[in-house]
$ cat structure_11.cif   # mmCIF, C-alpha atoms
data_target
#
loop_
_atom_site.group_PDB
_atom_site.id
_atom_site.type_symbol
_atom_site.label_atom_id
_atom_site.label_comp_id
_atom_site.auth_asym_id
_atom_site.auth_seq_id
_atom_site.Cartn_x
_atom_site.Cartn_y
_atom_site.Cartn_z
ATOM 1 C CA MET A 1202 37.533 3.821 -17.284
ATOM 2 C CA LYS A 1203 36.246 3.623 -13.715
ATOM 3 C CA LYS A 1204 36.497 0.433 -11.759
ATOM 4 C CA ARG A 1205 32.988 -0.838 -10.962
ATOM 5 C CA ASN A 1206 32.597 -2.516 -7.566
ATOM 6 C CA GLY A 1207 29.005 -3.629 -7.909
ATOM 7 C CA LYS A 1208 25.837 -3.357 -9.904
ATOM 8 C CA TRP A 1209 24.344 -0.534 -7.799
ATOM 9 C CA LYS A 1210 26.072 2.749 -7.315
ATOM 10 C CA ILE A 1211 25.076 5.843 -5.361
ATOM 11 C CA TYR A 1212 26.125 9.081 -6.960
ATOM 12 C CA ARG A 1213 26.902 12.015 -4.710
ATOM 13 C CA HIS A 1214 27.388 15.015 -6.967
ATOM 14 C CA SER A 1215 26.325 17.337 -4.221
ATOM 15 C CA LEU A 1216 24.487 17.135 -0.925
ATOM 16 C CA LYS A 1217 21.226 18.259 -2.545
ATOM 17 C CA ASP A 1218 21.382 16.119 -5.687
ATOM 18 C CA LYS A 1219 21.909 12.477 -4.722
ATOM 19 C CA LYS A 1220 21.215 9.949 -7.421
ATOM 20 C CA ILE A 1221 20.724 6.193 -7.406
ATOM 21 C CA GLY A 1222 21.788 4.312 -10.476
ATOM 22 C CA VAL A 1223 22.278 0.929 -12.056
ATOM 23 C CA VAL A 1224 24.868 0.015 -14.673
ATOM 24 C CA HIS A 1225 24.450 -2.780 -17.207
ATOM 25 C CA GLU A 1226 27.253 -3.984 -19.440
ATOM 26 C CA ILE A 1227 26.421 -4.737 -23.071
ATOM 27 C CA LYS A 1228 29.013 -6.685 -25.053
ATOM 28 C CA THR A 1229 29.265 -6.607 -28.809
ATOM 29 C CA ASN A 1230 31.780 -8.223 -31.120
ATOM 30 C CA GLU A 1231 34.098 -5.252 -31.113
ATOM 31 C CA ALA A 1232 33.449 -3.311 -27.905
ATOM 32 C CA LYS A 1233 31.775 -3.120 -24.543
ATOM 33 C CA TYR A 1234 29.080 -0.591 -23.866
ATOM 34 C CA TYR A 1235 27.644 0.413 -20.523
ATOM 35 C CA LEU A 1236 24.021 1.362 -20.092
ATOM 36 C CA GLU A 1237 23.654 3.537 -17.009
ATOM 37 C CA LEU A 1238 20.273 4.538 -15.586
ATOM 38 C CA THR A 1239 19.981 6.991 -12.730
ATOM 39 C CA ILE A 1240 17.139 8.488 -10.724
ATOM 40 C CA SER A 1241 17.091 11.193 -8.114
ATOM 41 C CA GLU A 1242 17.034 9.879 -4.558
ATOM 42 C CA GLU A 1243 14.598 12.660 -3.678
ATOM 43 C CA ASP A 1244 12.116 11.402 -6.308
ATOM 44 C CA VAL A 1245 12.351 7.867 -4.925
ATOM 45 C CA ILE A 1246 11.671 9.073 -1.385
ATOM 46 C CA LYS A 1247 8.714 11.168 -2.585
ATOM 47 C CA SER A 1248 7.247 8.107 -4.312
ATOM 48 C CA ILE A 1249 7.697 5.972 -1.188
ATOM 49 C CA VAL A 1250 6.047 8.606 1.033
ATOM 50 C CA ALA A 1251 3.119 8.946 -1.393
ATOM 51 C CA ALA A 1252 2.700 5.166 -1.445
ATOM 52 C CA GLN A 1253 2.745 5.044 2.368
ATOM 53 C CA LYS A 1254 0.034 7.713 2.515
ATOM 54 C CA SER A 1255 -2.070 5.725 0.060
ATOM 55 C CA ILE A 1256 -1.648 2.546 2.112
ATOM 56 C CA VAL A 1257 -2.681 4.342 5.311
ATOM 57 C CA ILE A 1258 -5.763 5.822 3.602
ATOM 58 C CA PHE A 1259 -6.717 2.428 2.127
ATOM 59 C CA PHE A 1260 -6.262 0.681 5.488
ATOM 60 C CA SER A 1261 -8.321 3.362 7.259
ATOM 61 C CA LEU A 1262 -11.133 3.038 4.727
ATOM 62 C CA CYS A 1263 -11.128 -0.754 5.104
ATOM 63 C CA VAL A 1264 -11.347 -0.469 8.899
ATOM 64 C CA ILE A 1265 -14.178 2.077 8.653
ATOM 65 C CA LEU A 1266 -16.106 -0.125 6.201
ATOM 66 C CA MET A 1267 -15.604 -3.154 8.444
ATOM 67 C CA ILE A 1268 -16.928 -1.230 11.466
ATOM 68 C CA ILE A 1269 -19.938 0.003 9.474
ATOM 69 C CA GLY A 1270 -20.621 -3.572 8.334
ATOM 70 C CA LEU A 1271 -20.409 -4.934 11.874
ATOM 71 C CA VAL A 1272 -22.744 -2.203 13.167
ATOM 72 C CA GLN A 1273 -25.225 -3.066 10.401
ATOM 73 C CA ILE A 1274 -25.043 -6.791 11.234
ATOM 74 C CA PHE A 1275 -25.516 -6.185 14.964
ATOM 75 C CA HIS A 1276 -28.402 -3.778 14.291
ATOM 76 C CA THR A 1277 -30.134 -6.326 12.037
ATOM 77 C CA LEU A 1278 -29.649 -9.138 14.554
ATOM 78 C CA ARG A 1279 -30.899 -6.996 17.434
ATOM 79 C CA ASN A 1280 -34.027 -6.001 15.525
ATOM 80 C CA SER A 1281 -34.690 -9.639 14.591
ATOM 81 C CA PHE A 1282 -34.339 -10.797 18.185
ATOM 82 C CA ASN A 1283 -36.471 -7.904 19.467
ATOM 83 C CA LYS A 1284 -39.224 -8.803 16.996
ATOM 84 C CA LEU A 1285 -38.948 -12.465 17.983
ATOM 85 C CA GLU A 1286 -39.141 -11.513 21.676
ATOM 86 C CA ASP A 1287 -42.201 -9.302 21.073
ATOM 87 C CA ASP A 1288 -43.920 -12.101 19.154
ATOM 88 C CA VAL A 1289 -43.170 -14.607 21.919
ATOM 89 C CA ILE A 1290 -44.579 -12.218 24.551
ATOM 90 C CA GLU A 1291 -47.739 -11.677 22.451
ATOM 91 C CA ILE A 1292 -48.213 -15.429 22.067
ATOM 92 C CA ALA A 1293 -47.641 -15.973 25.792
ATOM 93 C CA ASN A 1294 -50.216 -13.321 26.672
ATOM 94 C CA GLY A 1295 -52.710 -14.851 24.258
ATOM 95 C CA ILE A 1296 -52.960 -11.729 22.148
ATOM 96 C CA ARG A 1297 -51.900 -13.480 18.970
ATOM 97 C CA ILE A 1298 -53.913 -16.342 17.498
#

$ encode --input "structure_11.cif" --output "structure tokens"
Amino acid sequence: MKKRNGKWKIYRHSLKDKKIGVVHEIKTNEAKYYLELTISEEDVIKSIVAAQKSIVIFFSLCVILMIIGLVQIFHTLRNSFNKLEDDVIEIANGIRI
């Protein structure tokens, strides 16, 4: 039986096929069993890269929506103030009753 230094172990079967694994000891009345789960390091890295791409896309969309919202707010405020200014000028000139 191999001596286990820690809970996590990195398997290096070859340079191309690195695996990450976790070992859990299960004790019964008569014997000890080890449950060992492994996953390819390449698959983990692919998942992390895909998640990073999704985060960048989400962040970009949020920034774009925020900019569109600010432009809409400024446009609405500008139109309101322009209308107010036009009305004040009409009242000052005596055009409006």

$ residues_around --input "structure_11.cif" --residues "segment 1230-1246 of chain A" --least-positions-apart "6" --cutoff "7 Å" --atoms "all atoms listed in the file" --output "compact mmCIF listing (two decimals) with C-alpha atoms, keeping the file's coordinate frame"
# COMPACT_ATOMS: atom_id res chain seq x y z
CA ASP A 1218 21.38 16.12 -5.69
CA LYS A 1219 21.91 12.48 -4.72
CA LYS A 1220 21.22 9.95 -7.42
CA ILE A 1221 20.72 6.19 -7.41
CA GLY A 1222 21.79 4.31 -10.48
CA VAL A 1223 22.28 0.93 -12.06
CA VAL A 1224 24.87 0.02 -14.67

$ axis_aligned_box --input "structure_11.cif" --around "segment 1224-1241 of chain A" --padding-each-side "6 Å" --output "AutoDock Vina command-line options"
--center_x 25.6 --center_y 1.5 --center_z -19.6 --size_x 29.0 --size_y 31.4 --size_z 35.0

$ atom_distance --input "structure_11.cif" --atom1 "atom CA of Ala1252 of chain A" --atom2 "atom CA of Gly1270 of chain A"
26.8 Å

$ atom_distance --input "structure_11.cif" --atom1 "atom CA of Asp1287 of chain A" --atom2 "atom CA of Gln1273 of chain A"
21.0 Å

$ atom_distance --input "structure_11.cif" --atom1 "atom CA of Asp1288 of chain A" --atom2 "atom CA of Phe1275 of chain A"
19.8 Å
